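**Q** First, the structure itself, so that you have it in front of you.
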Amino acid sequence: MAVLSVSDAVRRRKSVRAFLPVPVDNAVIADVLARATRAPSGGNLQPWRLFVLNGDSMARFAVLMAGRLAENPMGEPPQYQVYPQNLKEPYRTRRFEIGEAMYAHLGISRADKFARLQWLQNNDRFFGAPAAAFCFMDRIMGPPQWSDLGMMLQTAMLLFAEQGIDTCPQESWSRWPKTVADFVGAPPDLMLFCGLAIGHADPDAPVNKLAAARASAEEVITFI
């Protein structure tokens, strides 16, 4: 396999929302995640803790989640707020437009609330990915360490892209903090940040044709 440049890995990486049932070897996942921990970390705190599901553990977790979803499809009380309340522009429009674009690829109208809810539950199935990682952080950490966490996860996703492996970072798992922590055995001083679906994209899935728009460089970069 040809080695991707960093620029190619950035272009290749996207949030995949439909995976093939093709296994990913634990050794590959371990290698990528170990290298990802070389990401910048203020004061070298390295605030991340990662728990990987694959094979039997993923199968057992899928059975558990099927039961949880049947009992309570809305999830558990989250321990942090994914989006700020009362989003102002341009953030509100950006969030609205990516959601509408995704449902357009899926052929689900805005009026079909039931179909939208059913689709959203695919988040709780890792979109069919064969492997995943849950990312936790010590509860004493603050905003700078959340930044460290993001840099580590982006590094991991680019390294997975280099290996020809697709991913989807999922803050939606913040809706299941107790279920996830209990399953992976995370101690109470750790807080769940997100999940990361790991696998190979289904090239025929319409949702994987979605390409998120980005603001222009002129809009977000100012040279002084």
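Please note that chains go A, B, ... in the order of the structure tokens, that every chain numbers its residues from 1, and that ligands are numbered from 1 in the order shown.
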Fewer than 4 positions away in the same chain doesn't count, so skip those; otherwise give me all residues within 10 Å of Phe19 in chain A, counting only C-alpha atoms, as a PyMOL selection string.
**A** chain A and resi 126-130+166-168+197-205+208
**Q** If you keep N, CA and C atoms, can you produce a file of those selected residues as an mmCIF file, in the first residue's frame?
**A**
```
data_model
loop_
_atom_site.group_PDB
_atom_site.id
_atom_site.type_symbol
_atom_site.label_atom_id
_atom_site.label_comp_id
_atom_site.auth_asym_id
_atom_site.auth_seq_id
_atom_site.Cartn_x
_atom_site.Cartn_y
_atom_site.Cartn_z
ATOM 1 N N PHE A 126 -22.575 2.376 16.167
ATOM 2 C CA PHE A 126 -21.308 2.690 15.505
ATOM 3 C C PHE A 126 -21.428 2.598 13.988
ATOM 4 N N PHE A 127 -22.635 2.807 13.460
ATOM 5 C CA PHE A 127 -22.872 2.775 12.017
ATOM 6 C C PHE A 127 -22.411 1.462 11.385
ATOM 7 N N GLY A 128 -22.433 0.401 12.174
ATOM 8 C CA GLY A 128 -22.045 -0.909 11.651
ATOM 9 C C GLY A 128 -20.552 -1.160 11.626
ATOM 10 N N ALA A 129 -19.764 -0.281 12.234
ATOM 11 C CA ALA A 129 -18.305 -0.486 12.249
ATOM 12 C C ALA A 129 -17.956 -1.731 13.062
ATOM 13 N N PRO A 130 -16.949 -2.490 12.629
ATOM 14 C CA PRO A 130 -16.574 -3.704 13.362
ATOM 15 C C PRO A 130 -15.762 -3.445 14.621
ATOM 16 N N ASP A 166 -11.175 3.712 7.744
ATOM 17 C CA ASP A 166 -12.067 4.856 7.912
ATOM 18 C C ASP A 166 -12.544 4.971 9.352
ATOM 19 N N THR A 167 -13.002 6.165 9.707
ATOM 20 C CA THR A 167 -13.410 6.438 11.082
ATOM 21 C C THR A 167 -14.602 7.381 11.118
ATOM 22 N N CYS A 168 -15.199 7.470 12.293
ATOM 23 C CA CYS A 168 -16.210 8.492 12.558
ATOM 24 C C CYS A 168 -16.148 8.857 14.037
ATOM 25 N N ALA A 197 -15.755 5.299 15.758
ATOM 26 C CA ALA A 197 -16.022 4.118 14.943
ATOM 27 C C ALA A 197 -14.821 3.870 14.033
ATOM 28 N N ILE A 198 -14.447 2.596 13.874
ATOM 29 C CA ILE A 198 -13.243 2.221 13.128
ATOM 30 C C ILE A 198 -13.581 1.069 12.186
ATOM 31 N N GLY A 199 -13.295 1.235 10.900
ATOM 32 C CA GLY A 199 -13.566 0.161 9.948
ATOM 33 C C GLY A 199 -13.340 0.609 8.521
ATOM 34 N N HIS A 200 -14.082 0.005 7.616
ATOM 35 C CA HIS A 200 -13.955 0.317 6.191
ATOM 36 C C HIS A 200 -15.301 0.805 5.665
ATOM 37 N N ALA A 201 -15.293 1.961 5.019
ATOM 38 C CA ALA A 201 -16.522 2.573 4.527
ATOM 39 C C ALA A 201 -17.208 1.698 3.488
ATOM 40 N N ASP A 202 -18.534 1.668 3.547
ATOM 41 C CA ASP A 202 -19.330 1.028 2.507
ATOM 42 C C ASP A 202 -19.407 2.005 1.336
ATOM 43 N N PRO A 203 -18.747 1.708 0.214
ATOM 44 C CA PRO A 203 -18.703 2.678 -0.889
ATOM 45 C C PRO A 203 -20.055 2.880 -1.573
ATOM 46 N N ASP A 204 -20.983 1.961 -1.354
ATOM 47 C CA ASP A 204 -22.281 2.055 -2.004
ATOM 48 C C ASP A 204 -23.335 2.747 -1.140
ATOM 49 N N ALA A 205 -23.008 3.059 0.101
ATOM 50 C CA ALA A 205 -23.980 3.696 0.992
ATOM 51 C C ALA A 205 -24.141 5.167 0.615
ATOM 52 N N ASN A 208 -22.453 7.979 2.640
ATOM 53 C CA ASN A 208 -21.013 8.182 2.540
ATOM 54 C C ASN A 208 -20.619 9.050 1.344
#
```
**Q** Enumerate as a PyMOL selection string all residues of range 48-204 of chain A assigned to alpha helix (DSSP H) by DSSP on the backbone, naming them with the chain letters and numbers the document uses.
**A** chain A and resi 56-71+91-106+113-120+143-162+177-184
**Q** One decimal, in Å: what's the spacing between CA of Met141 in chain A and CA of Glu171 in chain A?
**A**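 Distance reported for this atom pair: 17.6 Å.
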**Q** Env of Gly42 in chain A: 12 Å cut, atoms = only C-alpha atoms, seq-sep filter 5 positions within chain, self excluded. Answer as a PyMOL selection string.
**A** chain A and resi 47+141-149+151-152
**Q** Within 12 Å of Ala212 in chain A, counting only C-alpha atoms, which residues show up once you throw out same-chain ones fewer than 2 positions away? Write them as a ChimeraX atom specification, please.
**A** /A:11,13-16,94-102,105,207-210,214-215
**Q** Write out, as an mmCIF file, in the first residue's frame, the residues just selected, with C-alpha atoms.
**A**
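Output below, filename selection_31.cif:
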```cif
data_model
loop_
_atom_site.group_PDB
_atom_site.id
_atom_site.type_symbol
_atom_site.label_atom_id
_atom_site.label_comp_id
_atom_site.auth_asym_id
_atom_site.auth_seq_id
_atom_site.Cartn_x
_atom_site.Cartn_y
_atom_site.Cartn_z
ATOM 1 C CA ARG A 11 -8.348 14.874 2.129
ATOM 2 C CA ARG A 13 -10.447 11.483 6.190
ATOM 3 C CA LYS A 14 -14.180 12.004 6.565
ATOM 4 C CA SER A 15 -16.862 11.004 9.021
ATOM 5 C CA VAL A 16 -18.087 7.679 7.653
ATOM 6 C CA ARG A 94 -23.667 25.439 9.419
ATOM 7 C CA ARG A 95 -25.143 22.822 11.745
ATOM 8 C CA PHE A 96 -28.554 23.006 10.057
ATOM 9 C CA GLU A 97 -27.118 22.701 6.547
ATOM 10 C CA ILE A 98 -24.970 19.631 7.254
ATOM 11 C CA GLY A 99 -27.954 17.879 8.836
ATOM 12 C CA GLU A 100 -30.204 18.646 5.899
ATOM 13 C CA ALA A 101 -27.518 17.550 3.440
ATOM 14 C CA MET A 102 -27.142 14.219 5.230
ATOM 15 C CA HIS A 105 -28.471 11.828 0.749
ATOM 16 C CA VAL A 207 -24.711 8.671 3.236
ATOM 17 C CA ASN A 208 -21.013 8.182 2.540
ATOM 18 C CA LYS A 209 -21.319 10.404 -0.533
ATOM 19 C CA LEU A 210 -21.840 13.357 1.803
ATOM 20 C CA ARG A 214 -16.259 24.259 4.901
ATOM 21 C CA ALA A 215 -16.132 28.034 5.251
#
```
**Q** Going by DSSP on the backbone, which residues of range 39-123 of chain A come out as strand (DSSP E)? List them as a list of chain:residue names.
**A**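 Matching residues for strand (DSSP E) in range 39-123 of chain A are A:Trp48, A:Arg49, A:Leu50, A:Phe51, A:Val52, A:Leu53, A:Asn54.
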**Q** Write out as a PyMOL selection string the residues lying within 10 Å of Val10 in chain A, counting only C-alpha atoms and excluding same-chain residues fewer than 2 positions away.
**A** chain A and resi 4-8+12-14+154+157-159+161-162
**Q** How would the residues just picked look written out with N, CA and C atoms as an mmCIF file, in the first residue's frame?
**A**
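To be explicit, this is the file written out as out-v9.cif:
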```cif
data_model
loop_
_atom_site.group_PDB
_atom_site.id
_atom_site.type_symbol
_atom_site.label_atom_id
_atom_site.label_comp_id
_atom_site.auth_asym_id
_atom_site.auth_seq_id
_atom_site.Cartn_x
_atom_site.Cartn_y
_atom_site.Cartn_z
ATOM 1 N N LEU A 4 0.397 7.494 2.232
ATOM 2 C CA LEU A 4 -0.243 8.766 1.945
ATOM 3 C C LEU A 4 0.580 9.906 2.524
ATOM 4 N N SER A 5 0.599 11.031 1.832
ATOM 5 C CA SER A 5 1.147 12.236 2.421
ATOM 6 C C SER A 5 0.164 12.741 3.467
ATOM 7 N N VAL A 6 0.609 13.651 4.315
ATOM 8 C CA VAL A 6 -0.298 14.234 5.306
ATOM 9 C C VAL A 6 -1.467 14.911 4.601
ATOM 10 N N SER A 7 -1.185 15.624 3.527
ATOM 11 C CA SER A 7 -2.256 16.312 2.788
ATOM 12 C C SER A 7 -3.269 15.318 2.228
ATOM 13 N N ASP A 8 -2.777 14.192 1.713
ATOM 14 C CA ASP A 8 -3.689 13.177 1.191
ATOM 15 C C ASP A 8 -4.533 12.565 2.303
ATOM 16 N N ARG A 12 -8.522 12.472 2.563
ATOM 17 C CA ARG A 12 -9.211 11.187 2.608
ATOM 18 C C ARG A 12 -10.117 11.079 3.823
ATOM 19 N N ARG A 13 -9.672 11.632 4.959
ATOM 20 C CA ARG A 13 -10.447 11.483 6.190
ATOM 21 C C ARG A 13 -11.809 12.168 6.083
ATOM 22 N N LYS A 14 -12.838 11.442 6.469
ATOM 23 C CA LYS A 14 -14.180 12.004 6.565
ATOM 24 C C LYS A 14 -14.934 11.184 7.600
ATOM 25 N N GLN A 154 -7.614 13.594 16.207
ATOM 26 C CA GLN A 154 -7.357 13.923 14.807
ATOM 27 C C GLN A 154 -6.111 13.214 14.311
ATOM 28 N N MET A 157 -7.102 9.680 13.594
ATOM 29 C CA MET A 157 -7.911 9.529 12.377
ATOM 30 C C MET A 157 -7.065 9.660 11.118
ATOM 31 N N LEU A 158 -6.071 10.543 11.137
ATOM 32 C CA LEU A 158 -5.189 10.671 9.974
ATOM 33 C C LEU A 158 -4.298 9.443 9.821
ATOM 34 N N LEU A 159 -3.841 8.891 10.940
ATOM 35 C CA LEU A 159 -3.037 7.671 10.869
ATOM 36 C C LEU A 159 -3.872 6.486 10.399
ATOM 37 N N ALA A 161 -6.376 6.814 8.344
ATOM 38 C CA ALA A 161 -6.527 7.081 6.911
ATOM 39 C C ALA A 161 -5.311 6.611 6.140
ATOM 40 N N GLU A 162 -4.133 6.814 6.713
ATOM 41 C CA GLU A 162 -2.889 6.350 6.082
ATOM 42 C C GLU A 162 -2.918 4.830 5.874
#
```
**Q** Can you tell me which residues surround Leu117 in chain A at a distance of at most 12 Å, considering only C-alpha atoms, apart from same-chain residues fewer than 6 positions away, and format the answer as an MDAnalysis selection string?
**A** chainID A and resid 69 73:74 103 108:111 123:124
**Q** Keeping only C-alpha atoms, write those residues as an mmCIF file, in the first residue's frame.
**A**
```
data_model
loop_
_atom_site.group_PDB
_atom_site.id
_atom_site.type_symbol
_atom_site.label_atom_id
_atom_site.label_comp_id
_atom_site.auth_asym_id
_atom_site.auth_seq_id
_atom_site.Cartn_x
_atom_site.Cartn_y
_atom_site.Cartn_z
ATOM 1 C CA LEU A 69 -32.286 1.439 23.087
ATOM 2 C CA PRO A 73 -34.151 5.441 23.098
ATOM 3 C CA MET A 74 -33.385 8.954 24.393
ATOM 4 C CA TYR A 103 -30.884 13.513 5.228
ATOM 5 C CA ILE A 108 -35.459 11.229 4.390
ATOM 6 C CA SER A 109 -37.673 14.310 4.376
ATOM 7 C CA ARG A 110 -37.788 16.814 7.210
ATOM 8 C CA ALA A 111 -41.422 15.872 7.839
ATOM 9 C CA ASN A 123 -25.024 6.379 16.033
ATOM 10 C CA ASP A 124 -25.629 3.948 18.892
#
```
**Q** Nearest to Leu33 in chain A among A:Arg68, A:Phe51, A:Val82, A:Ala181, with distances taken over only C-alpha atoms: which residue is it?
**A**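 The closest residue to Leu33 in chain A is A:Phe51.
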